[in-house]
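Structure below is upload-v1.cif: mmCIF, N, CA and C atoms.
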data_input
loop_
_atom_site.label_atom_id
_atom_site.label_comp_id
_atom_site.auth_asym_id
_atom_site.auth_seq_id
_atom_site.Cartn_x
_atom_site.Cartn_y
_atom_site.Cartn_z
N MET A 371 88.73 120.11 76.64
CA MET A 371 87.64 119.17 76.57
C MET A 371 87.83 118.07 77.61
N MET A 372 89.08 117.63 77.75
CA MET A 372 89.35 116.58 78.73
C MET A 372 89.03 117.05 80.14
N LEU A 373 89.34 118.29 80.43
CA LEU A 373 89.08 118.83 81.75
C LEU A 373 87.57 118.91 82.01
N ALA A 374 86.82 119.40 81.04
CA ALA A 374 85.36 119.48 81.20
C ALA A 374 84.76 118.08 81.39
N ALA A 375 85.22 117.12 80.61
CA ALA A 375 84.73 115.76 80.75
C ALA A 375 85.18 115.14 82.07
N GLY A 376 86.34 115.55 82.56
CA GLY A 376 86.80 115.09 83.87
C GLY A 376 85.87 115.54 84.97
N TRP A 377 85.44 116.81 84.90
CA TRP A 377 84.48 117.31 85.89
C TRP A 377 83.18 116.54 85.79
N TRP A 378 82.79 116.23 84.57
CA TRP A 378 81.56 115.45 84.34
C TRP A 378 81.70 114.09 85.02
N GLY A 379 82.82 113.43 84.84
CA GLY A 379 83.06 112.14 85.48
C GLY A 379 83.09 112.24 86.99
N MET A 380 83.67 113.33 87.51
CA MET A 380 83.71 113.52 88.95
C MET A 380 82.33 113.70 89.55
N SER A 381 81.39 114.21 88.73
CA SER A 381 80.04 114.45 89.24
C SER A 381 79.26 113.15 89.45
N GLY A 382 79.81 112.06 88.92
CA GLY A 382 79.12 110.78 89.05
C GLY A 382 78.20 110.47 87.89
N ALA A 383 78.08 111.40 86.95
CA ALA A 383 77.23 111.17 85.79
C ALA A 383 77.88 110.12 84.88
N ALA A 384 77.05 109.24 84.38
CA ALA A 384 77.56 108.16 83.52
C ALA A 384 77.78 108.65 82.09
N LEU A 385 78.73 108.05 81.43
CA LEU A 385 78.95 108.25 80.00
C LEU A 385 79.03 106.87 79.38
N PRO A 386 77.99 106.46 78.68
CA PRO A 386 78.02 105.12 78.09
C PRO A 386 79.16 104.97 77.09
N GLY A 387 79.78 103.82 77.08
CA GLY A 387 80.80 103.52 76.09
C GLY A 387 82.15 104.14 76.34
N VAL A 388 82.46 104.50 77.58
CA VAL A 388 83.75 105.15 77.87
C VAL A 388 84.91 104.27 77.42
N GLU A 389 84.89 103.00 77.84
CA GLU A 389 85.99 102.10 77.49
C GLU A 389 86.08 101.90 75.99
N THR A 390 84.94 101.79 75.34
CA THR A 390 84.93 101.63 73.88
C THR A 390 85.50 102.87 73.20
N GLY A 391 85.12 104.05 73.68
CA GLY A 391 85.64 105.30 73.11
C GLY A 391 87.14 105.40 73.25
N ILE A 392 87.66 104.98 74.40
CA ILE A 392 89.10 105.01 74.62
C ILE A 392 89.79 104.02 73.68
N ALA A 393 89.25 102.81 73.58
CA ALA A 393 89.85 101.80 72.70
C ALA A 393 89.82 102.25 71.24
N VAL A 394 88.71 102.84 70.82
CA VAL A 394 88.61 103.33 69.43
C VAL A 394 89.64 104.44 69.19
N SER A 395 89.86 105.29 70.18
CA SER A 395 90.86 106.35 70.01
C SER A 395 92.25 105.77 69.83
N ILE A 396 92.54 104.67 70.52
CA ILE A 396 93.84 104.01 70.38
C ILE A 396 93.98 103.42 68.98
N VAL A 397 92.91 102.78 68.48
CA VAL A 397 92.95 102.20 67.14
C VAL A 397 93.15 103.30 66.09
N ILE A 398 92.40 104.38 66.21
CA ILE A 398 92.49 105.45 65.21
C ILE A 398 93.86 106.12 65.25
N LEU A 399 94.40 106.35 66.44
CA LEU A 399 95.75 106.92 66.53
C LEU A 399 96.75 105.98 65.87
N GLY A 400 96.65 104.69 66.16
CA GLY A 400 97.55 103.72 65.55
C GLY A 400 97.45 103.72 64.04
N LEU A 401 96.21 103.74 63.53
CA LEU A 401 96.02 103.76 62.07
C LEU A 401 96.59 105.04 61.46
N ALA A 402 96.42 106.15 62.15
CA ALA A 402 96.97 107.42 61.65
C ALA A 402 98.49 107.35 61.55
N ILE A 403 99.11 106.68 62.52
CA ILE A 403 100.57 106.53 62.48
C ILE A 403 100.99 105.58 61.38
N VAL A 404 100.31 104.45 61.29
CA VAL A 404 100.65 103.45 60.26
C VAL A 404 100.56 104.05 58.87
N PHE A 405 99.48 104.78 58.60
CA PHE A 405 99.26 105.32 57.26
C PHE A 405 99.78 106.75 57.09
N ARG A 406 100.50 107.23 58.10
CA ARG A 406 101.08 108.58 58.04
C ARG A 406 100.05 109.62 57.65
N ALA A 407 98.89 109.54 58.30
CA ALA A 407 97.78 110.44 57.99
C ALA A 407 98.11 111.88 58.37
N THR A 408 97.69 112.78 57.55
CA THR A 408 97.83 114.21 57.83
C THR A 408 96.47 114.87 57.57
N PRO A 409 95.54 114.67 58.50
CA PRO A 409 94.21 115.26 58.29
C PRO A 409 94.26 116.77 58.40
N PRO A 410 93.24 117.44 57.87
CA PRO A 410 93.16 118.89 58.08
C PRO A 410 93.14 119.19 59.58
N LEU A 411 93.67 120.34 59.94
CA LEU A 411 93.77 120.72 61.34
C LEU A 411 92.43 120.63 62.06
N ALA A 412 91.38 121.12 61.44
CA ALA A 412 90.06 121.11 62.08
C ALA A 412 89.59 119.68 62.34
N ALA A 413 89.83 118.78 61.40
CA ALA A 413 89.41 117.38 61.59
C ALA A 413 90.22 116.71 62.70
N GLY A 414 91.51 116.96 62.72
CA GLY A 414 92.35 116.41 63.78
C GLY A 414 91.96 116.95 65.15
N ALA A 415 91.69 118.24 65.21
CA ALA A 415 91.30 118.86 66.48
C ALA A 415 89.95 118.32 66.94
N ALA A 416 89.03 118.13 66.01
CA ALA A 416 87.71 117.58 66.36
C ALA A 416 87.84 116.15 66.89
N ALA A 417 88.66 115.35 66.24
CA ALA A 417 88.87 113.97 66.70
C ALA A 417 89.49 113.97 68.09
N CYS A 418 90.48 114.82 68.31
CA CYS A 418 91.11 114.92 69.64
C CYS A 418 90.09 115.33 70.69
N ALA A 419 89.24 116.28 70.37
CA ALA A 419 88.24 116.75 71.33
C ALA A 419 87.25 115.64 71.67
N ILE A 420 86.81 114.90 70.66
CA ILE A 420 85.88 113.80 70.91
C ILE A 420 86.52 112.74 71.79
N PHE A 421 87.75 112.36 71.47
CA PHE A 421 88.43 111.33 72.26
C PHE A 421 88.76 111.84 73.66
N ALA A 422 89.02 113.14 73.79
CA ALA A 422 89.31 113.71 75.11
C ALA A 422 88.10 113.59 76.03
N ILE A 423 86.91 113.58 75.48
CA ILE A 423 85.71 113.41 76.31
C ILE A 423 85.77 112.06 77.02
N PHE A 424 86.09 111.01 76.28
CA PHE A 424 86.14 109.67 76.88
C PHE A 424 87.29 109.55 77.88
N HIS A 425 88.46 110.02 77.49
CA HIS A 425 89.62 109.93 78.38
C HIS A 425 89.40 110.78 79.64
N GLY A 426 88.90 111.99 79.47
CA GLY A 426 88.68 112.87 80.62
C GLY A 426 87.63 112.32 81.57
N HIS A 427 86.54 111.80 81.01
CA HIS A 427 85.49 111.24 81.85
C HIS A 427 86.04 110.07 82.67
N ALA A 428 86.83 109.22 82.03
CA ALA A 428 87.41 108.08 82.75
C ALA A 428 88.29 108.56 83.90
N HIS A 429 89.11 109.57 83.66
CA HIS A 429 89.96 110.10 84.74
C HIS A 429 89.09 110.67 85.86
N GLY A 430 88.10 111.46 85.50
CA GLY A 430 87.25 112.08 86.51
C GLY A 430 86.48 111.07 87.33
N ALA A 431 86.01 110.02 86.68
CA ALA A 431 85.26 108.99 87.39
C ALA A 431 86.14 108.22 88.38
N GLU A 432 87.46 108.29 88.21
CA GLU A 432 88.39 107.58 89.08
C GLU A 432 88.90 108.46 90.23
N LEU A 433 88.26 109.60 90.46
CA LEU A 433 88.67 110.48 91.55
C LEU A 433 88.73 109.70 92.85
N PRO A 434 89.88 109.65 93.50
CA PRO A 434 89.98 108.92 94.77
C PRO A 434 89.09 109.54 95.84
N GLN A 435 88.54 108.70 96.69
CA GLN A 435 87.69 109.15 97.80
C GLN A 435 88.44 110.16 98.65
N GLY A 436 87.83 111.29 98.91
CA GLY A 436 88.42 112.30 99.77
C GLY A 436 89.47 113.19 99.12
N ALA A 437 89.77 112.96 97.83
CA ALA A 437 90.78 113.78 97.15
C ALA A 437 90.17 115.10 96.70
N SER A 438 91.00 116.09 96.53
CA SER A 438 90.58 117.38 96.01
C SER A 438 90.32 117.25 94.51
N GLY A 439 89.11 117.58 94.09
CA GLY A 439 88.78 117.51 92.67
C GLY A 439 89.65 118.43 91.83
N ILE A 440 89.91 119.62 92.34
CA ILE A 440 90.73 120.58 91.60
C ILE A 440 92.17 120.08 91.49
N GLY A 441 92.73 119.64 92.59
CA GLY A 441 94.10 119.12 92.57
C GLY A 441 94.23 117.90 91.68
N TYR A 442 93.25 117.02 91.76
CA TYR A 442 93.26 115.81 90.93
C TYR A 442 93.17 116.18 89.45
N ALA A 443 92.27 117.12 89.11
CA ALA A 443 92.11 117.55 87.71
C ALA A 443 93.39 118.19 87.19
N VAL A 444 93.99 119.06 87.99
CA VAL A 444 95.25 119.69 87.58
C VAL A 444 96.30 118.61 87.34
N GLY A 445 96.34 117.63 88.23
CA GLY A 445 97.32 116.55 88.09
C GLY A 445 97.12 115.74 86.83
N PHE A 446 95.88 115.32 86.53
CA PHE A 446 95.73 114.50 85.33
C PHE A 446 95.89 115.29 84.05
N VAL A 447 95.56 116.58 84.08
CA VAL A 447 95.76 117.40 82.89
C VAL A 447 97.26 117.64 82.66
N LEU A 448 98.00 117.95 83.72
CA LEU A 448 99.44 118.16 83.57
C LEU A 448 100.15 116.87 83.18
N ALA A 449 99.75 115.75 83.76
CA ALA A 449 100.36 114.46 83.40
C ALA A 449 100.08 114.14 81.94
N THR A 450 98.87 114.38 81.49
CA THR A 450 98.52 114.12 80.09
C THR A 450 99.32 115.03 79.17
N ALA A 451 99.43 116.30 79.52
CA ALA A 451 100.22 117.23 78.70
C ALA A 451 101.67 116.78 78.63
N GLY A 452 102.21 116.36 79.74
CA GLY A 452 103.60 115.88 79.76
C GLY A 452 103.79 114.63 78.91
N LEU A 453 102.85 113.71 79.02
CA LEU A 453 102.93 112.50 78.19
C LEU A 453 102.83 112.83 76.71
N HIS A 454 101.93 113.75 76.36
CA HIS A 454 101.79 114.14 74.95
C HIS A 454 103.06 114.82 74.45
N ALA A 455 103.61 115.73 75.23
CA ALA A 455 104.83 116.43 74.81
C ALA A 455 105.98 115.45 74.63
N THR A 456 106.13 114.53 75.57
CA THR A 456 107.19 113.53 75.46
C THR A 456 106.97 112.64 74.25
N GLY A 457 105.73 112.17 74.08
CA GLY A 457 105.42 111.31 72.94
C GLY A 457 105.64 111.99 71.60
N LEU A 458 105.21 113.24 71.50
CA LEU A 458 105.41 113.97 70.24
C LEU A 458 106.89 114.20 69.96
N GLY A 459 107.63 114.53 71.00
CA GLY A 459 109.07 114.74 70.81
C GLY A 459 109.78 113.48 70.37
N LEU A 460 109.50 112.38 71.06
CA LEU A 460 110.13 111.10 70.68
C LEU A 460 109.66 110.64 69.30
N ALA A 461 108.38 110.78 69.04
CA ALA A 461 107.84 110.33 67.76
C ALA A 461 108.44 111.12 66.60
N GLY A 462 108.62 112.42 66.81
CA GLY A 462 109.21 113.25 65.76
C GLY A 462 110.62 112.80 65.41
N ARG A 463 111.40 112.51 66.43
CA ARG A 463 112.77 112.04 66.18
C ARG A 463 112.77 110.64 65.58
N LEU A 464 111.96 109.77 66.11
CA LEU A 464 111.91 108.40 65.63
C LEU A 464 111.42 108.35 64.18
N ALA A 465 110.41 109.14 63.87
CA ALA A 465 109.88 109.15 62.51
C ALA A 465 110.93 109.61 61.50
N ARG A 466 111.81 110.51 61.93
CA ARG A 466 112.84 111.02 61.04
C ARG A 466 113.93 109.97 60.80
N PHE A 467 114.30 109.24 61.84
CA PHE A 467 115.43 108.32 61.73
C PHE A 467 115.04 106.86 61.54
N ALA A 468 113.82 106.51 61.91
CA ALA A 468 113.39 105.11 61.80
C ALA A 468 111.89 105.06 61.49
N PRO A 469 111.51 105.51 60.29
CA PRO A 469 110.07 105.58 59.98
C PRO A 469 109.36 104.24 60.03
N LEU A 470 110.03 103.17 59.67
CA LEU A 470 109.38 101.86 59.73
C LEU A 470 109.11 101.44 61.17
N VAL A 471 110.01 101.79 62.07
CA VAL A 471 109.79 101.48 63.49
C VAL A 471 108.58 102.27 63.99
N THR A 472 108.50 103.53 63.58
CA THR A 472 107.37 104.36 63.98
C THR A 472 106.06 103.73 63.51
N ARG A 473 106.03 103.30 62.26
CA ARG A 473 104.81 102.70 61.73
C ARG A 473 104.51 101.37 62.41
N ALA A 474 105.53 100.62 62.78
CA ALA A 474 105.32 99.36 63.51
C ALA A 474 104.72 99.63 64.88
N ILE A 475 105.18 100.69 65.53
CA ILE A 475 104.61 101.07 66.83
C ILE A 475 103.13 101.44 66.65
N GLY A 476 102.83 102.15 65.58
CA GLY A 476 101.43 102.46 65.27
C GLY A 476 100.61 101.19 65.11
N GLY A 477 101.20 100.21 64.43
CA GLY A 477 100.52 98.92 64.28
C GLY A 477 100.28 98.26 65.62
N GLY A 478 101.25 98.40 66.53
CA GLY A 478 101.08 97.87 67.88
C GLY A 478 99.91 98.53 68.61
N LEU A 479 99.74 99.82 68.39
CA LEU A 479 98.60 100.52 68.98
C LEU A 479 97.28 99.98 68.43
N VAL A 480 97.25 99.73 67.12
CA VAL A 480 96.04 99.16 66.51
C VAL A 480 95.71 97.83 67.17
N VAL A 481 96.71 96.97 67.29
CA VAL A 481 96.51 95.65 67.90
C VAL A 481 96.04 95.79 69.35
N ALA A 482 96.66 96.69 70.11
CA ALA A 482 96.26 96.90 71.50
C ALA A 482 94.82 97.40 71.60
N GLY A 483 94.46 98.35 70.75
CA GLY A 483 93.09 98.88 70.77
C GLY A 483 92.07 97.82 70.41
N VAL A 484 92.39 97.01 69.41
CA VAL A 484 91.47 95.93 69.01
C VAL A 484 91.36 94.91 70.14
N ALA A 485 92.46 94.62 70.81
CA ALA A 485 92.43 93.67 71.92
C ALA A 485 91.53 94.20 73.05
N ILE A 486 91.61 95.47 73.32
CA ILE A 486 90.74 96.07 74.34
C ILE A 486 89.29 95.96 73.91
N LEU A 487 89.02 96.23 72.64
CA LEU A 487 87.64 96.14 72.14
C LEU A 487 87.13 94.70 72.21
N ALA A 488 88.00 93.75 71.95
CA ALA A 488 87.61 92.34 71.96
C ALA A 488 87.51 91.79 73.38
N GLY A 489 88.23 92.43 74.31
CA GLY A 489 88.40 91.92 75.65
C GLY A 489 87.17 91.89 76.46
#

If you convert what's in this file into structure tokens, what do you get?
Amino acid sequence: MMLAAGWWGMSGAALPGVETGIAVSIVILGLAIVFRATPPLAAGAAACAIFAIFHGHAHGAELPQGASGIGYAVGFVLATAGLHATGLGLAGRLARFAPLVTRAIGGGLVVAGVAILAG
């Protein structure tokens, strides 16, 4: 979904509320961490797909002048995958050994997302 939305952003088409969608995704991720949410797989996948639209569009809209769209898309998708893999790995270990720290980090995400929304 992020890749498709990235192409959409590269096309120059507008997506209203991109920044708001990104900020809301940060708040919801933070809340999910704080409350140790375990939504059904379909609900979690749907939320990820919706938020990927906003994140992907933002990446695509930032395509540098003269850059290869394909190379740029591959780069942001691989970078995102790497960040997710690293984050999941660290979060899994941290949640096992320091669950309160994990939840505090989630709270920090909530605060950051709200600050972006207020900003």

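Nearest residue to Leu401 of chain A among A:Gly477, A:His427, A:Ile486, A:Ala375 is A:Gly477, counting all atoms listed in the file.
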
#### Entry: Exercise: Trp378 of chain A partners within 12 Å, only C-alpha atoms, chain neighbours under 3 positions left out, as a list in words
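Counting only the stated atoms, we get Met371, Met372, Leu373, Ala374, Ala375, Ser381, Gly382, Ala383, Ala384, Leu385, Ile423, Phe424, His425, Gly426, His427, Ala428, His429, Gly430, Ala431, Glu432, Leu433, Gly439 and Ala443 of chain A.
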
#### Entry: All alpha helix (DSSP H) positions in chain A, as number ranges by chain
A: 372-380, 388-404, 411-431, 439-467, 469-488

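Picture a line from atom C of Gly459 of chain A to atom N of Ala412 of chain A; it runs 21.8 Å.
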
For segment 393-404 of chain A, what centre and edge lengths in Å (one decimal) does the axis-aligned box get once 5 Å is added on each side of all its listed atoms, as JSON?
{"center_x": 94.8, "center_y": 104.6, "center_z": 66.2, "size_x": 22.4, "size_y": 15.6, "size_z": 24.7}

Starting from the structure just given, write a file holding segment 454-478 of chain A with N, CA, C and O atoms, as a compact mmCIF listing (two decimals), in the first residue's frame.
# COMPACT_ATOMS: atom_id res chain seq x y z
N HIS A 454 11.22 -1.04 10.33
CA HIS A 454 10.19 -1.87 10.99
C HIS A 454 10.81 -3.12 11.60
O HIS A 454 10.48 -3.48 12.74
N ALA A 455 11.68 -3.79 10.86
CA ALA A 455 12.31 -5.01 11.38
C ALA A 455 13.14 -4.70 12.62
O ALA A 455 13.06 -5.42 13.63
N THR A 456 13.90 -3.63 12.56
CA THR A 456 14.71 -3.24 13.72
C THR A 456 13.83 -2.88 14.90
O THR A 456 14.06 -3.33 16.03
N GLY A 457 12.80 -2.07 14.65
CA GLY A 457 11.89 -1.67 15.72
C GLY A 457 11.16 -2.85 16.35
O GLY A 457 11.06 -2.94 17.58
N LEU A 458 10.69 -3.76 15.53
CA LEU A 458 10.01 -4.94 16.07
C LEU A 458 10.95 -5.81 16.89
O LEU A 458 10.58 -6.32 17.95
N GLY A 459 12.16 -5.98 16.39
CA GLY A 459 13.14 -6.78 17.13
C GLY A 459 13.48 -6.16 18.47
O GLY A 459 13.49 -6.85 19.51
N LEU A 460 13.77 -4.87 18.47
CA LEU A 460 14.09 -4.19 19.73
C LEU A 460 12.89 -4.15 20.67
O LEU A 460 13.04 -4.36 21.87
N ALA A 461 11.73 -3.87 20.11
CA ALA A 461 10.53 -3.79 20.95
C ALA A 461 10.21 -5.13 21.59
O ALA A 461 9.80 -5.19 22.75
N GLY A 462 10.40 -6.21 20.84
CA GLY A 462 10.14 -7.54 21.40
C GLY A 462 11.02 -7.84 22.58
O GLY A 462 10.57 -8.33 23.62
N ARG A 463 12.29 -7.50 22.46
CA ARG A 463 13.22 -7.73 23.57
C ARG A 463 12.92 -6.79 24.74
O ARG A 463 12.92 -7.21 25.89
N LEU A 464 12.69 -5.54 24.44
CA LEU A 464 12.44 -4.56 25.49
C LEU A 464 11.14 -4.89 26.23
O LEU A 464 11.08 -4.81 27.46
N ALA A 465 10.12 -5.29 25.50
CA ALA A 465 8.84 -5.62 26.13
C ALA A 465 8.98 -6.80 27.09
O ALA A 465 8.31 -6.86 28.12
N ARG A 466 9.88 -7.72 26.76
CA ARG A 466 10.08 -8.89 27.60
C ARG A 466 10.82 -8.53 28.89
O ARG A 466 10.51 -9.02 29.96
N PHE A 467 11.82 -7.65 28.78
CA PHE A 467 12.68 -7.36 29.92
C PHE A 467 12.34 -6.06 30.64
O PHE A 467 12.72 -5.89 31.79
N ALA A 468 11.67 -5.15 29.97
CA ALA A 468 11.34 -3.86 30.58
C ALA A 468 10.00 -3.35 30.06
O ALA A 468 9.93 -2.36 29.34
N PRO A 469 8.91 -4.05 30.42
CA PRO A 469 7.61 -3.68 29.86
C PRO A 469 7.17 -2.26 30.19
O PRO A 469 6.52 -1.61 29.38
N LEU A 470 7.53 -1.76 31.36
CA LEU A 470 7.14 -0.39 31.69
C LEU A 470 7.88 0.62 30.83
O LEU A 470 7.31 1.65 30.46
N VAL A 471 9.12 0.33 30.49
CA VAL A 471 9.87 1.22 29.59
C VAL A 471 9.21 1.22 28.21
O VAL A 471 9.05 2.27 27.58
N THR A 472 8.81 0.04 27.76
CA THR A 472 8.13 -0.06 26.47
C THR A 472 6.87 0.78 26.46
O THR A 472 6.61 1.53 25.52
N ARG A 473 6.08 0.67 27.52
CA ARG A 473 4.84 1.44 27.58
C ARG A 473 5.12 2.94 27.70
O ARG A 473 4.39 3.77 27.14
N ALA A 474 6.19 3.31 28.38
CA ALA A 474 6.57 4.73 28.47
C ALA A 474 6.96 5.26 27.09
O ALA A 474 6.63 6.41 26.74
N ILE A 475 7.66 4.45 26.31
CA ILE A 475 8.02 4.86 24.95
C ILE A 475 6.74 5.04 24.12
O ILE A 475 6.62 5.99 23.35
N GLY A 476 5.79 4.15 24.30
CA GLY A 476 4.49 4.31 23.62
C GLY A 476 3.84 5.63 24.01
O GLY A 476 3.28 6.34 23.16
N GLY A 477 3.93 5.97 25.29
CA GLY A 477 3.39 7.25 25.75
C GLY A 477 4.10 8.41 25.09
O GLY A 477 3.47 9.43 24.74
N GLY A 478 5.41 8.27 24.89
CA GLY A 478 6.16 9.30 24.19
C GLY A 478 5.69 9.48 22.75
O GLY A 478 5.61 10.61 22.25
